[in-house]
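First comes the structure, then the notes that go with it.
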Number of protein chains: 4
Amino acid sequence: MEKTGQFWGGRFKEGMDELMWNFSRGRKADRFLFPYDIKATLVHVKALAKAGILSEQEQRKIESGLKKILDLYNREPDYEEEDIHSFVQESLREIVGVLADKVHTARSRNDLVACDSILAIRDILITLKDKIRGLQRAILEKAEELSDVIIPSYTHLQSAQVVYLSHYLLSFISGFQRVVDFIDWTVENQYCPLTACAGSGTSIGLDAESMARELGLKAPYLNSMDAIANRDYFLDALYIMERVALLLSRMAEDWIIYSSSEFGFLNLPEGFCTGSSIMPHKKNPDALELIRARAGKVIGAKQQFSLLLKALPMTYNRDLQEDKEIFFSTLDELIPMIDVMKEIVRGMGVKQERINEVLENDYLYATDLMEELIKRGVDRASAHKAVGRLIRLSEERGMRLRDVDRTEREKILGIDLSDEEYRAIFSPKRSVDSKRSYNGTAKERVLAQIEYWTSVLS
Amino acid sequence: MEKTGQFWGGRFKEGMDELMWNFSRGRKADRFLFPYDIKATLVHVKALAKAGILSEQEQRKIESGLKKILDLYNREPDYEEEDIHSFVQESLREIVGVLADKVHTARSRNDLVACDSILAIRDILITLKDKIRGLQRAILEKAEELSDVIIPSYTHLQSAQVVYLSHYLLSFISGFQRVVDFIDWTVENQYCPLTACAGSGTSIGLDAESMARELGLKAPYLNSMDAIANRDYFLDALYIMERVALLLSRMAEDWIIYSSSEFGFLNLPEGFCTGSSIMPHKKNPDALELIRARAGKVIGAKQQFSLLLKALPMTYNRDLQEDKEIFFSTLDELIPMIDVMKEIVRGMGVKQERINEVLENDYLYATDLMEELIKRGVDRASAHKAVGRLIRLSEERGMRLRDVDRTEREKILGIDLSDEEYRAIFSPKRSVDSKRSYNGTAKERVLAQIEYWTSVLS
Amino acid sequence: MEKTGQFWGGRFKEGMDELMWNFSRGRKADRFLFPYDIKATLVHVKALAKAGILSEQEQRKIESGLKKILDLYNREPDYEEEDIHSFVQESLREIVGVLADKVHTARSRNDLVACDSILAIRDILITLKDKIRGLQRAILEKAEELSDVIIPSYTHLQSAQVVYLSHYLLSFISGFQRVVDFIDWTVENQYCPLTACAGSGTSIGLDAESMARELGLKAPYLNSMDAIANRDYFLDALYIMERVALLLSRMAEDWIIYSSSEFGFLNLPEGFCTGSSIMPHKKNPDALELIRARAGKVIGAKQQFSLLLKALPMTYNRDLQEDKEIFFSTLDELIPMIDVMKEIVRGMGVKQERINEVLENDYLYATDLMEELIKRGVDRASAHKAVGRLIRLSEERGMRLRDVDRTEREKILGIDLSDEEYRAIFSPKRSVDSKRSYNGTAKERVLAQIEYWTSVLS
Amino acid sequence: MEKTGQFWGGRFKEGMDELMWNFSRGRKADRFLFPYDIKATLVHVKALAKAGILSEQEQRKIESGLKKILDLYNREPDYEEEDIHSFVQESLREIVGVLADKVHTARSRNDLVACDSILAIRDILITLKDKIRGLQRAILEKAEELSDVIIPSYTHLQSAQVVYLSHYLLSFISGFQRVVDFIDWTVENQYCPLTACAGSGTSIGLDAESMARELGLKAPYLNSMDAIANRDYFLDALYIMERVALLLSRMAEDWIIYSSSEFGFLNLPEGFCTGSSIMPHKKNPDALELIRARAGKVIGAKQQFSLLLKALPMTYNRDLQEDKEIFFSTLDELIPMIDVMKEIVRGMGVKQERINEVLENDYLYATDLMEELIKRGVDRASAHKAVGRLIRLSEERGMRLRDVDRTEREKILGIDLSDEEYRAIFSPKRSVDSKRSYNGTAKERVLAQIEYWTSVLS
């Protein structure tokens with residue numbers, strides 16, 4: 001079997017096995033690298049010319065050839081070769097003839113593949129950041145739109161206190177911001193592997209620092225073996241995707257629960273739900289469930305990458321071809337998750353009637369009652385115990401906490417609150433607006449957050 | 001947006017969002033289920049007829065319709081519907097009209113999808129077993145072919161003793177056999193989820209036991225909620241694939257090392273290696289490296305599945321759609337790994353000259369020397385220490401162990417061995433053939449294994 | 001540094017580094033192996049005697065020595081040696097002198113450690129099965145106790161239909177039974193590695209088949225290298241634990257949700273909940289949350305084991321020491337999870353009042369309404385659409401489905417149901433008891449399950 | 001059962017179950033938090049005083065009490081309470097009486113635990129960085145010590161070209177530096193959760209920005225719910241540990257291979273190796289194998305953490321207690337791995353004789369030959385093919401590449417090299433020193449790296 005693009009074949013008596021050809025061929029993932037292969041090659045060619053290895057004319061000929069290939073591929077992205085690098089190389093040979101081989105001077109596939117990958121990942125991280133930004137903006141808009149809605153907050157999935165829905169929503173913007181900060185740092189801290197060749201460097205003197213600069217990278221790698229063996233950039237990118245997935249999965253879980261029949265706070269957009277063939281009333285949160293499920297796939301993909309790297313000998317091993325497969329298929333999984341979540345955020349509404357019902361739960365204001373006691377001089381431990389006892393009493397009596405009568409209240413709380421004073425405590429709005437601490441849920445604090453994010457996200 | 005195949009749509013005012021359509025649509029994996037969807041439906045239709053819900057004529061009409069769909073699909077496997085079940089349902093409606101809906105009696109998508117999946121997995125496990133069998137056979141043939149070759153065995157990657165290469169090869173057949181045994185057990189222990197409907201069962205009395213029997217399953221599920229919520233069959237299948245991958249990765253790792261420049265025992269078939277663009281002498285074990293790498297992907301896929309199931313509420317959740325995606329893409333990964341490994345086994349040879357060199361390593365026979373001393377009455381601890389001291393002496397002298405002279409030997413070993421007796425110990429053949437214990441490497445034991453596997457695998 | 005128990009030290013000039021001593025020493029996990037080390041050694045000694053390598057008197061002396069060590073250790077389980085095997089060996093030497101070394105004839109630490117581990121795992125799996133049995137029994141008792149309670153069933157966390165709580169509970173017994181079946185199979189399919197020595201076998205002829213039989217194992221390993229390299233028994237055991245953990249996590253998730261403020265069906269035993277320092281009303285399902293969390297640790301531990309085995313060269317490598325650490329620490333994690341879940345099941349109650357409220361949700365009976373229409377001759381697709389439209393109408397009117405008046409009903413459903421007939425559909429009891437299919441939720445089917453499990457579990 | 005430290009108990013009728021007490025109690029990990037609990041409390045107390053909630057006298061009393069507890073605990077680190085926070089609280093109450101409760105003003109266990117954890121992790125990351133620095137320094141010293149040693153470099157575990165051993169060693173310093181950079185960034189980007197209370201904030205106005213500043217944190221969290229729910233700091237720390245473990249595992253793998261009988265380059269320090277009870281000549285790289293194995297445990301621990309977080313509802317759930325267990329036990333695993341690796345680096349030597357043998361492998365200079373041809377005007381593709389053919393010829397003839405005679409050489413290479421010119425190519429020193437590119441292995445470049453790292457690491 002004669003295969004194109006295998007210029008390493010000189011020593012081999014047999015060709016490559018057909019089975020092996022399919023097994024080892026760069027698969028879909030490779031195509032993402034195409035524009036970066038051209039870009040890295042252009043910079044390399046420039047450096048070769050600067051070093052006098054290519055004449056000015058040769059340089060121009062090659063550059064024009066590479067641009068032709070770029071056009072060609074953009075029109076018809078298909079090729080027969082083993083991988084994208086062979087494709088570029090072969091295509092170039094067709095255009096400029098034997099001159100194409102000179103491009104390989106002071107370069108091997110090892111440093112080229114690494115360079116392409118780093119460039120691709122950097123761009124993809126920037127795209128991912130834009131996607132996250134879009135989701136953050138959608139959350140921000142929803143937080144503004146629903147800025148008067150109050151819901152219970154939960155710890156242990158037990159309702160705890162009341163908060164503004166917008167406060168709850170804004171908490172996710174903060175969470176995503178930490179990923180964005182990490183992306184920014186990662187994008188700034190990438191190194192250029194060119195001139196590392198097969199891992200020992202080369203005897204040809206190219207200007208490595210200029211090449212790094214022109215590719216927008218921080219600096220050249222200090223060590224050629226590290227340059228070839230390192231795949232931290234893939235691992236970091238997968239970790240970033242895992243972080244996004246984890247946060248999406250927490251949002252999805254919450255909203256599945258909040259739109260369950262029994263919670264019933266949220267109204268998900270119908271376009272992202274399905275019905276049941278046998279239960280015509282159901283409105284299933286399928287999109288959120290798929291996001292939750294695929295979050296697991298993204299997390300597992302990061303794990304696959306660690307499995308790949310663990311105990312891998314130095315420097316390059318063919319195992320590393322799979323870096324791209326794992327990375328790009330995970331990207332394909334994650335991007336639509338963000339897109340869909342953004343639309344769900346946009347289309348989401350609340351069921352105010354059900355929320356009102358839930359806010360009638362007196363226990364949501366138990367903390368407020370306790371703080372009222374403390375404010376009136378009861379020491380903290382006693383206040384805590386007293387409120388606990390009052391709750392138990394109301395449960396035993398089968399009555400609402402707010403309905404316990406004044407005498408009984410006084411007996412347990414040790415303090416006399418008028419009915420008006422006592423009843424006022426059970427007000428959602430009073431409760432939330434009292435939480436004026438720096439990161440608290442009071443309206444003024446929520447508005448401060450909204451203002452902050454409006455400026456950051458615009 | 002009007003989509004075909006969404007017969008649950010009655011309640012919804014809006015159609016499904018375009019983005020969501022692509023996000024949620026049954027992807028490639030679904031197609032594997034097609035023949036099983038037809039099969040399960042045929043059995044269900046028969047049960048409906050037996051229960052008098054379908055007339056004999058209706059039954060025949062539907063059966064003929066289903067067979068038409070099967071033919072149709074086999075010729076042109078494409079459809080527009082949301083998933084394969086909708087496709088079958090819609091196609092049937094086109095052929096038999098409204099009668100098609102009757103097929104849904106006493107059935108929901110939940111039990112149907114589960115049933116299809118179980119049937120598919122069972123068949124796939126049987127195929128997987130055949131693949132493993134093929135690999136075992138290839139190993140067996142190679143073990144017979146190279147039955148006289150002796151190599152070092154390793155623990156801690158330090159050469160330990162000598163063994164027949166065929167003994168080493170046969171150890172993998174044993175390893176794979178444990179997976180085969182587990183497959184056999186798994187295939188026998190599957191249950192039929194039909195009649196579970198949406199998880200509560202149904203008021204229609206179908207003969208669940210007959211249905212299970214006709215589908216070749218052990219019995220019906222005892223509990224309809226379990227029938228819908230359970231995905232152990234997927235998890236088991238992924239665990240089985242993980243087991244195969246782990247064993248392949250250990251083979252691959254060994255052979256990569258054994259064909260390294262410094263070990264140099266093995267000669268891998270060129271069709272499964274590649275060369276280097278910059279180092280024309282290299283013969284890289286790419287196929288083995290890819291097997292090792294993809295083993296990590298298979299292991300990680302099993303992890304993805306566990307991530308899917310962890311803390312998933314009962315009973316069915318849309319998350320479970322991903323079960324198929326994970327499973328089938330892992331299958332696509334694993335099958336070629338086995339195929340390629342089989343060809344590598346077949347094409348593998350040894351480099352006898354280099355092996356001869358390595359067998360000259362005297363330390364490989366240290367145990368034999370120690371056993372000789374014990375046989376001659378030295379207690380074990382003393383024999384152990386004596387051999388250790390002799391080795392150190394030879395190292396300090398920079399001489400081979402077998403060349404230590406008689407006087408010095410006697411001084412350290414405490415026993416006088418003639419030069420002939422002493423030299424004889426350092427014979428590979430004598431060493432291996434002495435290991436006659438049940439599972440030892442002596443020729444007679446290796447032949448017994450070969451005989452055993454020849455009968456099992458034929 | 002002179003360390004006891006290092007009888008391999010003959011060749012080494014330096015002792016072991018102190019840091020290394022602590023790094024490499026068999027840690028806690030080793031102690032689980034102690035009784036099995038004695039047991040395997042006793043069988044080995046018997047075989048040595050049978051083969052004439054030990055005299056009858058020597059055999060008796062060693063056996064008595066081993067029993068002394070067993071007593072000693074049971075009274076004071078501590079030792080200074082590198083690991084448990086060295087401890088047994090050293091202790092034996094103290095008791096029987098140099099004769100102790102003879103026990104090492106035809107045995108190495110490699111086959112001994114493997115043998116100990118297999119024996120330990122088998123016993124532990126049997127213990128684990130007992131634990132699971134205990135949990136199954138607790139579930140069964142609770143299912144009997146609460147046999148009249150009806151709750152909604154869920155798919156997509158949307159309430160779907162009604163089921164008996166006991167039907168729901170019994171679904172977990174079925175789930176755990178699949179693990180029990182796998183344990184049974186695993187326990188029966190273990191092999192004996194003795195006589196494999198360092199991986200090549202031995203020249204001493206011991207009766208391997210008798211040894212396997214006496215240790216209760218299926219057969220000796222066929223191949224000595226496989227015997228030393230194989231760790232499937234650990235992997236299987238961890239997979240079994242993962243399966244248990246996954247199921248526990250699904251139970252835990254459900255019950256956390258069912259005891260949330262908004263679902264509110266379940267009343268968890270207070271002894272397994274905690275309160276809040278700041279919200280005196282809270283009753284947090286801490287035990288269930290810890291079970292859910294630790295399930296993740298168990299799943300991750302299985303993953304750690306796969307990471308250990310992936311691409312590990314043949315045969316024994318010191319990496320494999322970690323098998324025990326991972327296994328036993330996971331066991332320590334899992335057993336209390338089962339114990340705690342059992343107590344939660346035992347102490348669990350329902351909040352009937354809240355359940356009654358929830359059962360008022362008319363949509364739970366939508367399927368029943370649809371089936372009524374079908375029973376009265378409406379074709380399935382029309383029935384499905386009609387019910388969907390009726391639901392939408394009731395929602396738009398802000399009224400309950402059961403309150404839609406006769407004329408409007410007739411218009412949409414196409415069939416005239418009297419108020420009595422129509423109202424009767426919305427009865428929980430009628431709904432559940434109609435689901436009489438094999439694995440359905442009707443009382444008679446639930447009782448059949450209870451009867452079945454009572455006989456299996458007693 | 002009456003347990004100390006459960007001040008949340010007011011509402012509960014029953015005490016906590018004994019089983020549950022053991023199941024839920026803060027375990028060892030909690031103790032790491034102790035000094036940070038005191039530290040965070042001191043800052044909180046100061047803020048309370050500043051806000052006028054504590055008088056100056058009360059502040060002093062509490063501060064002195066907290067310092068007493070610190071002393072007490074440092075002398076005798078044991079307690080009976082549920083966790084370290086209860087211990088501090090109870091101890092304070094014993095010292096300052098009911099005033100202790102005032103400390104809980106505007107604080108809950110949720111924000112306290114988060115704050116303690118963040119502070120602990122930051123300090124631990126700094127410690128981890130020091131450990132890595134120590135390892136980097138040891139590598140640097142070894143690189144200087146062995147600066148003249150030349151070894152083969154490997155890709156695909158096939159020897160490729162020659163490099164300085166120090167170049168190889170320095171590649172790991174670069175790898176670890178990327179982790180150090182990430183640690184630095186992480187340490188600088190932590191937020192203060194105080195005042196978030198149970199997730200809604202508090203009505204008490206404390207100076208959150210001062211508190212953050214005094215604790216050395218970047219800023220307060222913007223959102224109280226995020227402050228309570230977020231565990232990114234744990235995840236990042238585990239990811240950092242995973243990165244370290246991955247790199248250690250690659251070093252370990254290499255060195256296990258390089259010290260195998262067949263490679264035989266490296267001489268590991270005996271104090272970190274073991275022998276074999278049955279093969280007295282063996283020197284097993286146990287420490288490296290344990291590092292490789294435990295790397296898998298660290299990677300798996302990171303996975304456990306992701307399993308914990310996936311789909312966890314907002315905000316705090318008891319699941320999060322396990323964050324500390326996973327984190328601290330992983331830390332306990334990793335730190336000794338670094339320590340041991342450092343000692344191995346320090347004690348490592350080379351076997352120059354064996355290295356010399358390996359450097360005789362002519363193929364290591366094939367690239368040099370190719371570059372010589374190119375330098376003499378042969379185009380790249382032809383040079384590549386010619387060298388490949390020459391290698392095949394030498395193999396067929398069973399002769400060394402350097403011994404092919406001049407006529408045959410000329411025929412294949414198309415160029416006439418004198419014997420002297422030809423032979424000179426096969427010189428290790430000439431080969432390495434020619435690789436003068438920025439990150440190449442030439443002596444001058446290696447010295448530049450050494451100089452750079454000497455200044456960075458001192």
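If you're wondering about the labels, chains in the structure tokens are A, B, ... by order shown, residues count from 1 in each chain, ligands from 1 in order shown.
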
| Interface residues on chain C facing chain B, 6 Å, only C-alpha atoms, written as a count of residues only | 39

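Within the 12 Å cut-off around Arg354 in chain B, using only C-alpha atoms and omitting residues fewer than 5 positions from it on the same chain, the listed residues are B:Val149, B:Ile150, B:Ile151, B:Pro152, B:Tyr258, B:Ser259, B:Ser260, B:Ser261, B:Glu262, B:Phe263, B:Gly264, B:Phe265, B:Leu266, B:Asn267, B:Leu359, B:Glu360, B:Asn361, D:Glu262.
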
| note | Computed gap from CA of Lys324 in chain C to CA of Glu76 in chain C is 21.8 Å

| task | For Ile95 in chain C, please output as an NGL selection string all residues within 9 Å (counting only C-alpha atoms; exclusion window: fewer than 4 positions along the same chain). | result | :C and (62 or 65-66 or 68-69 or 90-91 or 100)

| request: List every residue of range 24-100 of chain A that DSSP, applied to the backbone of this structure, assigns to helix (DSSP H, G or I), and report them as a count of residues only. | output: 61
